>>> print(open('work_9.csv').read())   # CSV, C-alpha atoms
chain,number,residue,atom,x,y,z
A,1,MET,CA,3.1,95.1,-43.9
A,2,ASP,CA,-0.4,96.0,-42.8
A,3,TYR,CA,-2.9,94.0,-40.8
A,4,PRO,CA,-5.1,92.7,-43.7
A,5,SER,CA,-2.0,91.5,-45.5
A,6,ARG,CA,-0.9,89.5,-42.5
A,7,ILE,CA,-4.3,87.8,-42.2
A,8,ILE,CA,-5.1,87.2,-45.9
A,9,GLY,CA,-1.6,86.3,-47.2
A,10,PRO,CA,-1.2,83.1,-45.2
A,11,VAL,CA,-4.7,81.9,-46.3
A,12,VAL,CA,-4.4,82.6,-50.0
A,13,LEU,CA,-0.7,82.3,-50.9
A,14,PRO,CA,-0.3,78.6,-49.9
A,15,LEU,CA,-3.2,77.8,-52.2
A,16,SER,CA,-1.8,79.8,-55.1
A,17,GLN,CA,1.7,78.3,-54.5
A,18,ALA,CA,0.1,74.8,-54.6
A,19,ILE,CA,-1.7,75.6,-57.9
A,20,ARG,CA,1.4,77.0,-59.5
A,21,GLY,CA,3.5,74.2,-58.3
A,22,GLY,CA,1.0,71.7,-59.7
A,23,LEU,CA,1.0,73.4,-63.1
A,24,ASP,CA,4.8,73.5,-63.1
A,25,GLN,CA,4.8,69.8,-62.3
A,26,ILE,CA,2.5,69.0,-65.2
A,27,ASN,CA,4.6,71.2,-67.5
A,28,ALA,CA,7.9,69.6,-66.4
A,29,SER,CA,6.5,66.1,-66.7
A,30,PHE,CA,5.3,66.8,-70.2
A,31,GLN,CA,8.6,68.4,-71.2
A,32,GLY,CA,10.5,65.5,-69.7
A,33,PHE,CA,8.4,63.1,-71.7
A,34,THR,CA,8.8,64.8,-75.0
A,35,GLN,CA,12.4,66.2,-74.7
A,36,SER,CA,14.1,63.6,-72.5
A,37,ARG,CA,17.2,63.3,-74.8
A,38,ALA,CA,17.8,67.0,-75.0
A,39,LEU,CA,17.3,67.4,-71.2
A,40,VAL,CA,19.9,64.7,-70.4
A,41,SER,CA,22.5,66.4,-72.6
A,42,GLU,CA,21.6,69.8,-71.1
A,43,ASN,CA,21.9,68.4,-67.6
A,44,GLN,CA,25.4,67.0,-68.4
A,45,ARG,CA,26.4,70.4,-69.9
A,46,LEU,CA,25.1,72.3,-66.8
A,47,ARG,CA,27.0,70.0,-64.4
A,48,ALA,CA,30.2,70.7,-66.3
A,49,GLN,CA,29.5,74.4,-66.2
A,50,MET,CA,28.7,74.2,-62.5
A,51,GLN,CA,32.0,72.5,-61.8
A,52,ALA,CA,33.9,75.2,-63.8
A,53,ASN,CA,31.9,77.9,-62.0
A,54,SER,CA,32.8,76.6,-58.6
A,55,GLN,CA,36.5,77.0,-59.4
A,56,TYR,CA,35.8,80.4,-60.8
A,57,ASN,CA,34.1,81.4,-57.5
A,58,GLU,CA,37.1,80.2,-55.6
A,59,VAL,CA,39.3,82.5,-57.7
A,60,ILE,CA,37.0,85.4,-57.1
A,61,ARG,CA,37.0,84.8,-53.3
A,62,ASN,CA,40.8,84.7,-53.3
A,63,LEU,CA,41.0,87.9,-55.3
A,64,GLU,CA,38.5,89.7,-53.0
A,65,GLU,CA,40.5,88.7,-50.0
A,66,ARG,CA,43.6,90.0,-51.7
A,67,ILE,CA,41.9,93.3,-52.5
A,68,ASN,CA,40.8,93.7,-48.9
A,69,VAL,CA,44.4,93.0,-47.7
A,70,LEU,CA,45.7,95.6,-50.1
A,71,ARG,CA,43.0,98.1,-49.0
A,72,ARG,CA,43.8,97.6,-45.3
A,73,MET,CA,47.5,98.1,-46.1
A,74,ASN,CA,46.5,101.5,-47.6
A,75,ARG,CA,44.3,102.2,-44.6
A,76,LEU,CA,41.1,101.9,-46.6
A,77,GLN,CA,37.9,100.2,-45.3
A,78,ALA,CA,37.6,96.6,-46.4
A,79,LEU,CA,34.9,95.8,-48.9
A,80,GLU,CA,31.8,94.3,-47.3
A,81,ALA,CA,30.7,90.9,-48.5
A,82,ARG,CA,27.3,91.0,-50.2
A,83,ARG,CA,24.3,89.4,-48.4
A,84,LYS,CA,22.5,86.9,-50.6
A,85,VAL,CA,19.2,85.5,-49.5
A,86,PRO,CA,17.3,83.1,-51.8
A,87,ALA,CA,13.5,83.7,-52.1
A,88,GLU,CA,10.5,82.5,-54.0
A,89,VAL,CA,7.9,84.6,-55.8
A,90,VAL,CA,4.4,83.9,-54.4
A,91,ALA,CA,2.4,86.7,-55.9
A,92,TYR,CA,2.6,89.0,-59.0
A,93,ASP,CA,0.7,92.0,-60.1
A,94,VAL,CA,1.6,93.1,-63.5
A,95,ARG,CA,-0.3,96.4,-63.3
A,96,GLN,CA,1.1,97.5,-59.9
A,97,HIS,CA,4.5,96.3,-61.0
A,98,ARG,CA,4.9,94.4,-57.7
A,99,ILE,CA,5.7,90.9,-56.6
A,100,GLN,CA,5.6,89.3,-53.2
A,101,ILE,CA,8.4,87.0,-52.2
A,102,ILE,CA,8.9,84.6,-49.3
A,103,PHE,CA,12.3,83.9,-47.9
A,104,ASP,CA,14.0,82.2,-45.0
A,105,GLY,CA,13.2,84.7,-42.2
A,106,SER,CA,16.3,83.9,-40.2
A,107,GLN,CA,18.4,85.8,-42.8
A,108,PRO,CA,18.5,89.6,-42.8
A,109,VAL,CA,16.7,91.4,-45.6
A,110,LYS,CA,16.3,95.2,-45.7
A,111,ALA,CA,14.1,97.6,-47.5
A,112,GLY,CA,16.0,98.9,-50.5
A,113,ASP,CA,17.9,95.6,-51.1
A,114,ALA,CA,18.3,94.6,-54.7
A,115,VAL,CA,16.3,91.6,-56.0
A,116,ILE,CA,18.0,89.7,-58.8
A,117,ASN,CA,17.8,86.4,-60.7
A,118,GLY,CA,20.2,84.7,-63.1
A,119,ASP,CA,19.5,87.3,-65.8
A,120,GLY,CA,19.9,90.5,-63.8
A,121,LEU,CA,18.0,93.0,-61.8
A,122,VAL,CA,14.3,92.2,-61.0
A,123,GLY,CA,13.5,95.1,-58.6
A,124,ARG,CA,14.0,96.5,-55.1
A,125,ILE,CA,12.6,95.4,-51.7
A,126,ASP,CA,9.8,97.8,-50.8
A,127,SER,CA,8.5,96.5,-47.5
A,128,ILE,CA,9.1,93.5,-45.3
A,129,SER,CA,7.0,91.6,-42.8
A,130,GLY,CA,8.5,88.5,-41.2
A,131,SER,CA,9.6,86.2,-43.9
A,132,ARG,CA,7.6,87.9,-46.7
A,133,ALA,CA,8.4,91.1,-48.6
A,134,TYR,CA,7.0,93.2,-51.4
A,135,VAL,CA,9.3,93.9,-54.3
A,136,LEU,CA,8.8,97.0,-56.5
A,137,LEU,CA,9.7,95.7,-60.0
A,138,ALA,CA,12.2,97.6,-62.2
A,139,THR,CA,9.4,98.2,-64.7
A,140,SER,CA,7.4,100.3,-62.2
A,141,PRO,CA,7.1,104.0,-63.1
A,142,ALA,CA,7.9,104.6,-59.4
A,143,PHE,CA,11.2,102.7,-59.7
A,144,ARG,CA,14.3,105.0,-60.0
A,145,MET,CA,18.0,104.3,-59.3
A,146,GLY,CA,21.5,105.1,-60.4
A,147,ALA,CA,22.8,103.1,-63.3
A,148,MET,CA,25.8,103.1,-65.6
A,149,VAL,CA,26.6,102.0,-69.1
A,150,MET,CA,29.6,99.7,-69.5
A,151,SER,CA,31.1,101.5,-72.4
A,152,GLN,CA,34.4,103.2,-73.0
A,153,PRO,CA,34.3,105.6,-71.3
A,154,PRO,CA,31.6,104.4,-68.8
A,155,VAL,CA,28.5,106.7,-68.5
A,156,ALA,CA,26.5,107.2,-65.3
A,157,GLY,CA,22.8,108.2,-65.4
A,158,LEU,CA,19.4,107.7,-63.7
A,159,ILE,CA,17.3,104.8,-64.8
A,160,ARG,CA,13.5,104.5,-64.3
A,161,GLY,CA,10.8,102.1,-65.1
A,162,SER,CA,8.6,103.0,-68.0
A,163,THR,CA,6.7,100.2,-69.7
A,164,SER,CA,6.5,96.5,-69.4
A,165,GLY,CA,9.9,95.1,-70.2
A,166,ARG,CA,11.6,98.5,-70.7
A,167,MET,CA,13.3,101.2,-68.7
A,168,THR,CA,14.4,104.7,-69.5
A,169,LEU,CA,18.0,105.8,-68.9
A,170,GLY,CA,18.2,109.6,-68.4
A,171,ASN,CA,20.4,112.3,-67.0
A,172,ALA,CA,23.3,110.7,-68.9
A,173,GLU,CA,26.1,113.1,-69.5
A,174,SER,CA,28.7,112.8,-72.3
A,175,ALA,CA,26.7,109.9,-73.8
A,176,THR,CA,27.0,110.6,-77.5
A,177,HIS,CA,29.1,107.5,-78.0
A,178,LEU,CA,26.5,105.1,-76.5
A,179,LYS,CA,24.9,102.7,-79.0
A,180,PRO,CA,22.2,100.0,-79.0
A,181,GLY,CA,23.5,96.8,-77.4
A,182,ASP,CA,25.6,98.5,-74.7
A,183,GLN,CA,25.2,96.8,-71.3
A,184,VAL,CA,23.5,98.8,-68.5
A,185,THR,CA,24.3,97.9,-64.9
A,186,THR,CA,23.7,99.2,-61.4
A,187,SER,CA,26.0,102.0,-60.5
A,188,THR,CA,28.9,102.1,-58.1
A,189,PHE,CA,27.4,105.0,-56.1
A,190,SER,CA,24.4,103.4,-54.3
A,191,GLU,CA,24.7,102.6,-50.6
A,192,THR,CA,22.1,99.8,-50.7
A,193,ILE,CA,22.3,98.3,-54.2
A,194,PRO,CA,25.5,96.5,-55.1
A,195,PRO,CA,27.2,97.7,-58.2
A,196,TYR,CA,27.6,95.9,-61.6
A,197,ILE,CA,24.3,94.0,-61.5
A,198,PRO,CA,23.2,93.7,-65.1
A,199,ILE,CA,20.0,95.6,-65.8
A,200,GLY,CA,19.6,95.4,-69.6
A,201,ARG,CA,20.9,96.6,-72.9
A,202,ILE,CA,20.4,99.9,-74.7
A,203,GLU,CA,17.7,99.5,-77.3
A,204,GLN,CA,17.2,103.0,-78.7
A,205,ARG,CA,18.2,106.6,-78.3
A,206,LEU,CA,15.1,108.6,-77.4
A,207,SER,CA,16.3,112.1,-77.8
A,208,GLN,CA,18.7,114.2,-79.8
A,209,PRO,CA,22.0,115.3,-78.2
A,210,GLU,CA,21.6,118.8,-79.7
A,211,PHE,CA,18.7,119.5,-77.3
A,212,GLY,CA,21.0,118.7,-74.4
A,213,ILE,CA,18.8,115.9,-73.1
A,214,GLU,CA,20.1,112.3,-73.5
A,215,GLU,CA,17.6,109.5,-72.9
A,216,PHE,CA,17.8,105.9,-73.9
A,217,ARG,CA,15.3,103.1,-73.9
A,218,VAL,CA,16.7,100.1,-72.2
A,219,ARG,CA,15.4,96.5,-72.8
A,220,LEU,CA,15.5,94.6,-69.5
A,221,ASN,CA,17.5,91.4,-69.3
A,222,VAL,CA,14.9,89.8,-67.0
A,223,GLN,CA,11.6,88.6,-68.4
A,224,MET,CA,9.3,89.4,-65.4
A,225,ALA,CA,6.7,86.9,-66.4
A,226,HIS,CA,9.1,84.0,-65.9
A,227,VAL,CA,10.6,85.1,-62.6
A,228,ARG,CA,10.0,82.4,-60.0
A,229,GLU,CA,13.1,82.2,-57.8
A,230,VAL,CA,15.2,85.3,-56.9
A,231,LEU,CA,18.1,86.3,-54.7
A,232,VAL,CA,17.9,89.3,-52.4
A,233,VAL,CA,21.2,91.0,-52.5
A,234,GLY,CA,22.4,93.7,-50.1
A,235,GLN,CA,25.6,95.5,-49.3
B,1,MET,CA,-26.7,82.2,-47.2
B,2,GLN,CA,-25.9,80.4,-50.5
B,3,ARG,CA,-25.1,83.7,-52.1
B,4,LEU,CA,-22.7,84.6,-49.3
B,5,ILE,CA,-20.9,81.3,-49.6
B,6,VAL,CA,-20.7,81.5,-53.4
B,7,SER,CA,-19.4,85.1,-53.2
B,8,LEU,CA,-16.7,84.2,-50.7
B,9,LEU,CA,-15.6,81.3,-52.8
B,10,ALA,CA,-15.6,83.5,-55.9
B,11,LEU,CA,-13.4,86.0,-54.1
B,12,LEU,CA,-11.1,83.3,-53.0
B,13,PHE,CA,-11.0,82.0,-56.6
B,14,ALA,CA,-10.1,85.6,-57.7
B,15,ALA,CA,-7.3,85.9,-55.1
B,16,VAL,CA,-5.7,82.5,-55.9
B,17,PHE,CA,-6.0,82.9,-59.7
B,18,GLN,CA,-4.7,86.5,-59.7
B,19,THR,CA,-1.6,85.6,-57.6
B,20,ALA,CA,-0.9,82.2,-59.2
B,21,LEU,CA,-2.0,82.4,-62.8
B,22,ALA,CA,-2.9,85.8,-64.1
B,23,ASN,CA,0.5,86.5,-65.3
B,24,GLU,CA,0.9,83.1,-66.9
B,25,MET,CA,-2.4,83.6,-68.8
B,26,GLY,CA,-1.0,86.6,-70.8
B,27,VAL,CA,-2.1,86.6,-74.5
B,28,PHE,CA,-0.5,89.2,-76.8
B,29,GLY,CA,0.4,91.3,-73.8
B,30,ALA,CA,-3.1,91.2,-72.3
B,31,THR,CA,-3.6,89.7,-68.9
B,32,PRO,CA,-6.9,89.1,-67.0
B,33,HIS,CA,-7.7,90.9,-63.9
B,34,PHE,CA,-9.6,88.5,-61.6
B,35,PHE,CA,-10.1,91.1,-58.8
B,36,ILE,CA,-12.2,93.1,-61.2
B,37,LEU,CA,-13.8,90.2,-63.1
B,38,VAL,CA,-15.3,88.5,-60.1
B,39,PRO,CA,-17.0,91.5,-58.4
B,40,LEU,CA,-18.4,92.6,-61.8
B,41,SER,CA,-19.7,89.1,-62.5
B,42,LEU,CA,-21.2,89.0,-59.0
B,43,ALA,CA,-22.8,92.4,-59.8
B,44,LEU,CA,-25.1,90.6,-62.2
B,45,ALA,CA,-26.1,88.1,-59.5
B,46,LEU,CA,-26.3,89.9,-56.2
B,47,PRO,CA,-28.5,92.7,-54.7
B,48,ALA,CA,-26.9,96.1,-54.6
B,49,LYS,CA,-25.7,95.8,-51.0
B,50,GLY,CA,-24.0,92.5,-51.8
B,51,VAL,CA,-22.4,93.9,-54.9
B,52,ILE,CA,-20.8,96.7,-52.9
B,53,TRP,CA,-19.5,94.2,-50.2
B,54,ALA,CA,-18.1,91.9,-52.9
B,55,ALA,CA,-16.3,94.8,-54.6
B,56,PHE,CA,-15.0,96.0,-51.3
B,57,GLY,CA,-13.8,92.5,-50.4
B,58,ALA,CA,-12.0,92.2,-53.8
B,59,ALA,CA,-10.3,95.5,-53.3
B,60,ILE,CA,-9.1,94.6,-49.8
B,61,LEU,CA,-7.9,91.3,-51.1
B,62,GLN,CA,-6.0,92.9,-53.9
B,63,GLY,CA,-4.5,95.5,-51.6
B,64,ALA,CA,-3.5,92.9,-49.0
B,65,LEU,CA,-2.0,90.5,-51.4
B,66,LEU,CA,-0.2,92.8,-53.7
B,67,GLY,CA,0.6,95.7,-51.4
B,68,SER,CA,-1.4,98.3,-53.4
B,69,ASP,CA,-3.2,101.3,-51.8
B,70,TYR,CA,-6.6,100.3,-50.5
B,71,GLY,CA,-8.4,103.6,-51.1
B,72,PRO,CA,-8.2,103.9,-54.9
B,73,LEU,CA,-8.9,100.2,-55.3
B,74,VAL,CA,-12.0,100.3,-53.1
B,75,PHE,CA,-13.3,103.4,-54.8
B,76,SER,CA,-12.8,102.3,-58.4
B,77,LEU,CA,-14.1,98.7,-57.9
B,78,CYS,CA,-17.1,99.7,-55.8
B,79,ILE,CA,-18.2,102.4,-58.3
B,80,ALA,CA,-17.6,100.1,-61.4
B,81,ALA,CA,-19.5,97.1,-59.8
B,82,TYR,CA,-22.4,99.3,-58.6
B,83,LEU,CA,-22.7,100.9,-62.1
B,84,VAL,CA,-22.8,97.5,-63.8
B,85,HIS,CA,-25.5,96.4,-61.3
B,86,ARG,CA,-27.4,99.6,-61.6
B,87,VAL,CA,-27.3,99.8,-65.5
B,88,LEU,CA,-28.3,96.2,-66.0
B,89,GLY,CA,-30.0,95.6,-62.7
B,90,VAL,CA,-31.9,92.5,-63.9
B,91,GLY,CA,-30.1,90.0,-61.8
B,92,ILE,CA,-28.8,86.7,-63.0
B,93,GLU,CA,-31.1,86.4,-66.1
B,94,VAL,CA,-28.7,88.5,-68.1
B,95,GLY,CA,-27.5,86.6,-71.2
B,96,ALA,CA,-23.9,85.6,-71.8
B,97,ILE,CA,-23.2,88.2,-74.4
B,98,LEU,CA,-24.7,91.1,-72.5
B,99,GLY,CA,-23.0,89.9,-69.4
B,100,ALA,CA,-19.6,89.8,-71.1
B,101,VAL,CA,-20.2,93.3,-72.6
B,102,ALA,CA,-21.1,94.6,-69.1
B,103,VAL,CA,-17.9,93.1,-67.7
B,104,VAL,CA,-15.8,94.7,-70.5
B,105,ALA,CA,-17.4,98.1,-69.8
B,106,GLY,CA,-17.1,97.7,-66.1
B,107,THR,CA,-13.5,96.7,-66.3
B,108,LEU,CA,-12.7,99.7,-68.4
B,109,VAL,CA,-14.6,102.0,-65.9
B,110,ALA,CA,-12.7,100.5,-63.0
B,111,LEU,CA,-9.3,100.9,-64.6
B,112,VAL,CA,-10.0,104.4,-65.8
B,113,LEU,CA,-11.2,105.4,-62.3
B,114,LEU,CA,-8.0,103.8,-60.9
B,115,LEU,CA,-6.0,106.0,-63.3
B,116,LEU,CA,-7.9,109.1,-62.3
B,117,VAL,CA,-7.7,108.6,-58.5
B,118,ASN,CA,-4.2,107.2,-58.4
B,119,PRO,CA,-2.2,108.3,-61.4
B,120,GLY,CA,1.1,108.1,-59.5
B,121,ALA,CA,0.9,104.4,-59.3
B,122,THR,CA,-0.3,103.7,-62.8
B,123,LEU,CA,1.5,106.3,-64.9
B,124,GLY,CA,5.1,107.4,-64.9
B,125,PRO,CA,7.0,110.1,-66.8
B,126,THR,CA,7.3,107.8,-69.9
B,127,THR,CA,4.1,105.7,-69.5
B,128,SER,CA,1.5,107.4,-71.6
B,129,VAL,CA,-2.2,107.6,-70.9
B,130,VAL,CA,-2.8,106.1,-74.3
B,131,GLY,CA,-0.6,103.1,-73.5
B,132,TYR,CA,-2.4,102.6,-70.2
B,133,LEU,CA,-5.8,102.8,-71.9
B,134,GLN,CA,-4.7,100.3,-74.6
B,135,MET,CA,-3.6,97.9,-71.9
B,136,SER,CA,-6.9,98.5,-70.0
B,137,LEU,CA,-8.9,97.7,-73.1
B,138,ALA,CA,-7.0,94.5,-73.7
B,139,THR,CA,-7.6,93.5,-70.1
B,140,ALA,CA,-11.3,94.4,-70.4
B,141,VAL,CA,-11.7,92.2,-73.5
B,142,TYR,CA,-9.9,89.4,-71.7
B,143,ASN,CA,-12.1,89.8,-68.7
B,144,GLY,CA,-15.2,89.8,-71.0
B,145,VAL,CA,-14.1,86.5,-72.5
B,146,LEU,CA,-13.6,84.9,-69.1
B,147,ALA,CA,-16.9,86.3,-67.8
B,148,VAL,CA,-18.9,84.1,-70.1
B,149,PRO,CA,-18.0,80.8,-68.4
B,150,LEU,CA,-17.9,82.4,-65.0
B,151,LEU,CA,-21.4,83.9,-65.4
B,152,ALA,CA,-22.7,80.6,-66.7
B,153,LEU,CA,-21.3,78.9,-63.5
B,154,LEU,CA,-22.8,81.6,-61.3
B,155,ARG,CA,-26.1,81.4,-63.0
B,156,ARG,CA,-26.1,77.6,-62.6
B,157,THR,CA,-25.1,77.7,-59.0
B,158,LEU,CA,-27.5,80.4,-57.9
B,159,LYS,CA,-30.4,79.6,-60.1
B,160,VAL,CA,-30.9,76.2,-58.5
B,161,LYS,CA,-31.5,77.9,-55.2
B,162,SER,CA,-33.8,80.6,-56.6
B,163,ALA,CA,-35.8,77.9,-58.3
B,164,GLY,CA,-36.1,76.1,-55.0
B,165,ILE,CA,-37.4,79.3,-53.4
>>> encode(input="work_9.csv", output="structure tokens")
Amino acid sequence: MDYPSRIIGPVVLPLSQAIRGGLDQINASFQGFTQSRALVSENQRLRAQMQANSQYNEVIRNLEERINVLRRMNRLQALEARRKVPAEVVAYDVRQHRIQIIFDGSQPVKAGDAVINGDGLVGRIDSISGSRAYVLLATSPAFRMGAMVMSQPPVAGLIRGSTSGRMTLGNAESATHLKPGDQVTTSTFSETIPPYIPIGRIEQRLSQPEFGIEEFRVRLNVQMAHVREVLVVGQ
Amino acid sequence: MQRLIVSLLALLFAAVFQTALANEMGVFGATPHFFILVPLSLALALPAKGVIWAAFGAAILQGALLGSDYGPLVFSLCIAAYLVHRVLGVGIEVGAILGAVAVVAGTLVALVLLLLVNPGATLGPTTSVVGYLQMSLATAVYNGVLAVPLLALLRRTLKVKSAGI
């Protein structure tokens, strides 16, 4: 991060965070006042889901340990655990397709790490300074990464940002069977981005297979306008 | 001195609103661009030198807060703000409608210049020039609407002082 950013950021960002926090507070208060009954039942439902989820996480941990034991038995390298660092969005520029996040600086975050939220991929860490980082959003024309479509058989390709809320999946070979609605995730070939992070769903085929070029428009799972809290995930 | 303080406060307002609220204020896909709106509004209130400094400050703020390249931002904002100042050049007495039109035109000029000097960051292989121009037009109109109260506020703030002089 450059010198002006280090000076201006700490002056402006606390103010914008306070304003956003205040507006969120007003919005939440109003929502709580008008939809209290629905919120109570939703809260109960979420608590039940959280309990079920904690058991599910335990099962996954056990299975991962078992996979690692089996890999070691076969003299393969054990799978590394993913780093997960929670962060908060403090600035957003829709035109430059970038956000700035702030995270607990004691935890390691690297350039190239994936940034996700509950819906899927948000973007990729571009640069870091202390406990702040710039994230290049998945919608940016400069954003490119390997992706795959979870179909039968799976299809690997290259996905890139195109317009607000959409990406374009290209270089996809043997993709004639892909159809709208198929899930697109991060690929298993990246060294920095963990695999199987949901990106979006195929919305439309952009080209004809007879020309030898297969491209698909992908609608992102994440609505960038509503991203507030994210997780930085690395290998 | 009053102009300097008002300009600094206006730039701080631009920085805070752009980072905190611009995205939340989206209407039909159009979002305001406070880093362009504020220097263009100040272009109707300040002398030429002040206009350039205000535009330069806004560009540095945008680059610093959002990690954009400084050069294209400084170039496009300074040219657009100076053009607005030069074409109207009648100071704070510009009416609300003319002021809003000037901000709309200035925003378009700034965004088109940004496209010309930094196409890599604004256009991709599947983002068309037409799409970018449509988005720029929507932003320009939004900025024009926001310019009306902002210009009224600037007029009120700065005119008190000038009447005193």
>>> residues_around(input="work_9.csv", residues="segment 15-22 of chain B", least_positions_apart="6", cutoff="12 Å", atoms="all atoms listed in the file", output="VMD selection string")
(chain A and resid 8 to 24 89 to 95 98 to 101 225 to 226 228) or (chain B and resid 8 to 9 29 to 39 57 to 66 139 142 to 143 146)
>>> closest_residue(input="work_9.csv", among="B:Val27, B:Ala45, B:Val109, B:Leu40", to="Ala147 of chain B", atoms="all atoms listed in the file")
B:Leu40
>>> closest_residue(input="work_9.csv", among="B:Leu11, B:Ala152, B:Met25, B:Ile5", to="Ala55 of chain B", atoms="all atoms listed in the file")
B:Leu11
>>> closest_residue(input="work_9.csv", among="A:Gln223, A:Lys179, A:Glu42, A:Ala48", to="Asn23 of chain B", atoms="only C-alpha atoms")
A:Gln223
>>> closest_residue(input="work_9.csv", among="A:Gln96, A:Gln55, A:Ser5, A:Thr186", to="Ser68 of chain B", atoms="all atoms listed in the file")
A:Gln96
>>> residues_around(input="work_9.csv", residues="Ser129 of chain A", least_positions_apart="6", cutoff="10 Å", atoms="all atoms listed in the file", output="list in words")
Met1, Asp2, Ser5, Arg6, Ile102 and Gly105 of chain A
>>> atom_distance(input="work_9.csv", atom1="atom CA of Leu83 of chain B", atom2="atom CA of His97 of chain A")
27.6 Å
>>> atom_distance(input="work_9.csv", atom1="atom CA of Pro195 of chain A", atom2="atom CA of Glu64 of chain A")
14.8 Å
>>> closest_residue(input="work_9.csv", among="B:Val145, B:Leu114, B:Val103, B:Cys78", to="chain A", atoms="only C-alpha atoms")
B:Leu114
>>> atom_distance(input="work_9.csv", atom1="atom CA of Glu65 of chain A", atom2="atom CA of Arg82 of chain A")
13.4 Å
>>> decode(input="work_9.csv", residues="segment 111-116 of chain A", atoms="all heavy atoms", output="mmCIF file, in the first residue's frame")
data_model
loop_
_atom_site.group_PDB
_atom_site.id
_atom_site.type_symbol
_atom_site.label_atom_id
_atom_site.label_comp_id
_atom_site.auth_asym_id
_atom_site.auth_seq_id
_atom_site.Cartn_x
_atom_site.Cartn_y
_atom_site.Cartn_z
ATOM 1 N N ALA A 111 -1.262 -11.993 -0.622
ATOM 2 C CA ALA A 111 -1.780 -11.555 -1.921
ATOM 3 C C ALA A 111 -2.149 -12.801 -2.724
ATOM 4 O O ALA A 111 -1.395 -13.775 -2.746
ATOM 5 C CB ALA A 111 -0.727 -10.746 -2.655
ATOM 6 N N GLY A 112 -3.323 -12.768 -3.345
ATOM 7 C CA GLY A 112 -3.778 -13.929 -4.119
ATOM 8 C C GLY A 112 -4.761 -14.792 -3.362
ATOM 9 O O GLY A 112 -5.423 -15.638 -3.970
ATOM 10 N N ASP A 113 -4.901 -14.584 -2.041
ATOM 11 C CA ASP A 113 -5.880 -15.360 -1.270
ATOM 12 C C ASP A 113 -7.295 -15.061 -1.758
ATOM 13 O O ASP A 113 -7.594 -13.944 -2.201
ATOM 14 C CB ASP A 113 -5.796 -14.999 0.220
ATOM 15 C CG ASP A 113 -4.619 -15.663 0.913
ATOM 16 O OD1 ASP A 113 -3.961 -16.506 0.270
ATOM 17 O OD2 ASP A 113 -4.364 -15.343 2.084
ATOM 18 N N ALA A 114 -8.159 -16.045 -1.623
ATOM 19 C CA ALA A 114 -9.555 -15.849 -2.017
ATOM 20 C C ALA A 114 -10.296 -15.100 -0.916
ATOM 21 O O ALA A 114 -9.996 -15.262 0.265
ATOM 22 C CB ALA A 114 -10.215 -17.193 -2.251
ATOM 23 N N VAL A 115 -11.266 -14.277 -1.339
ATOM 24 C CA VAL A 115 -12.132 -13.583 -0.385
ATOM 25 C C VAL A 115 -13.548 -14.076 -0.648
ATOM 26 O O VAL A 115 -14.035 -14.002 -1.782
ATOM 27 C CB VAL A 115 -12.025 -12.049 -0.564
ATOM 28 C CG1 VAL A 115 -12.958 -11.333 0.383
ATOM 29 C CG2 VAL A 115 -10.599 -11.599 -0.337
ATOM 30 N N ILE A 116 -14.172 -14.621 0.386
ATOM 31 C CA ILE A 116 -15.498 -15.222 0.193
ATOM 32 C C ILE A 116 -16.468 -14.686 1.241
ATOM 33 O O ILE A 116 -16.057 -14.101 2.242
ATOM 34 C CB ILE A 116 -15.442 -16.766 0.286
ATOM 35 C CG1 ILE A 116 -15.022 -17.201 1.699
ATOM 36 C CG2 ILE A 116 -14.462 -17.335 -0.724
ATOM 37 C CD1 ILE A 116 -15.168 -18.695 1.943
#
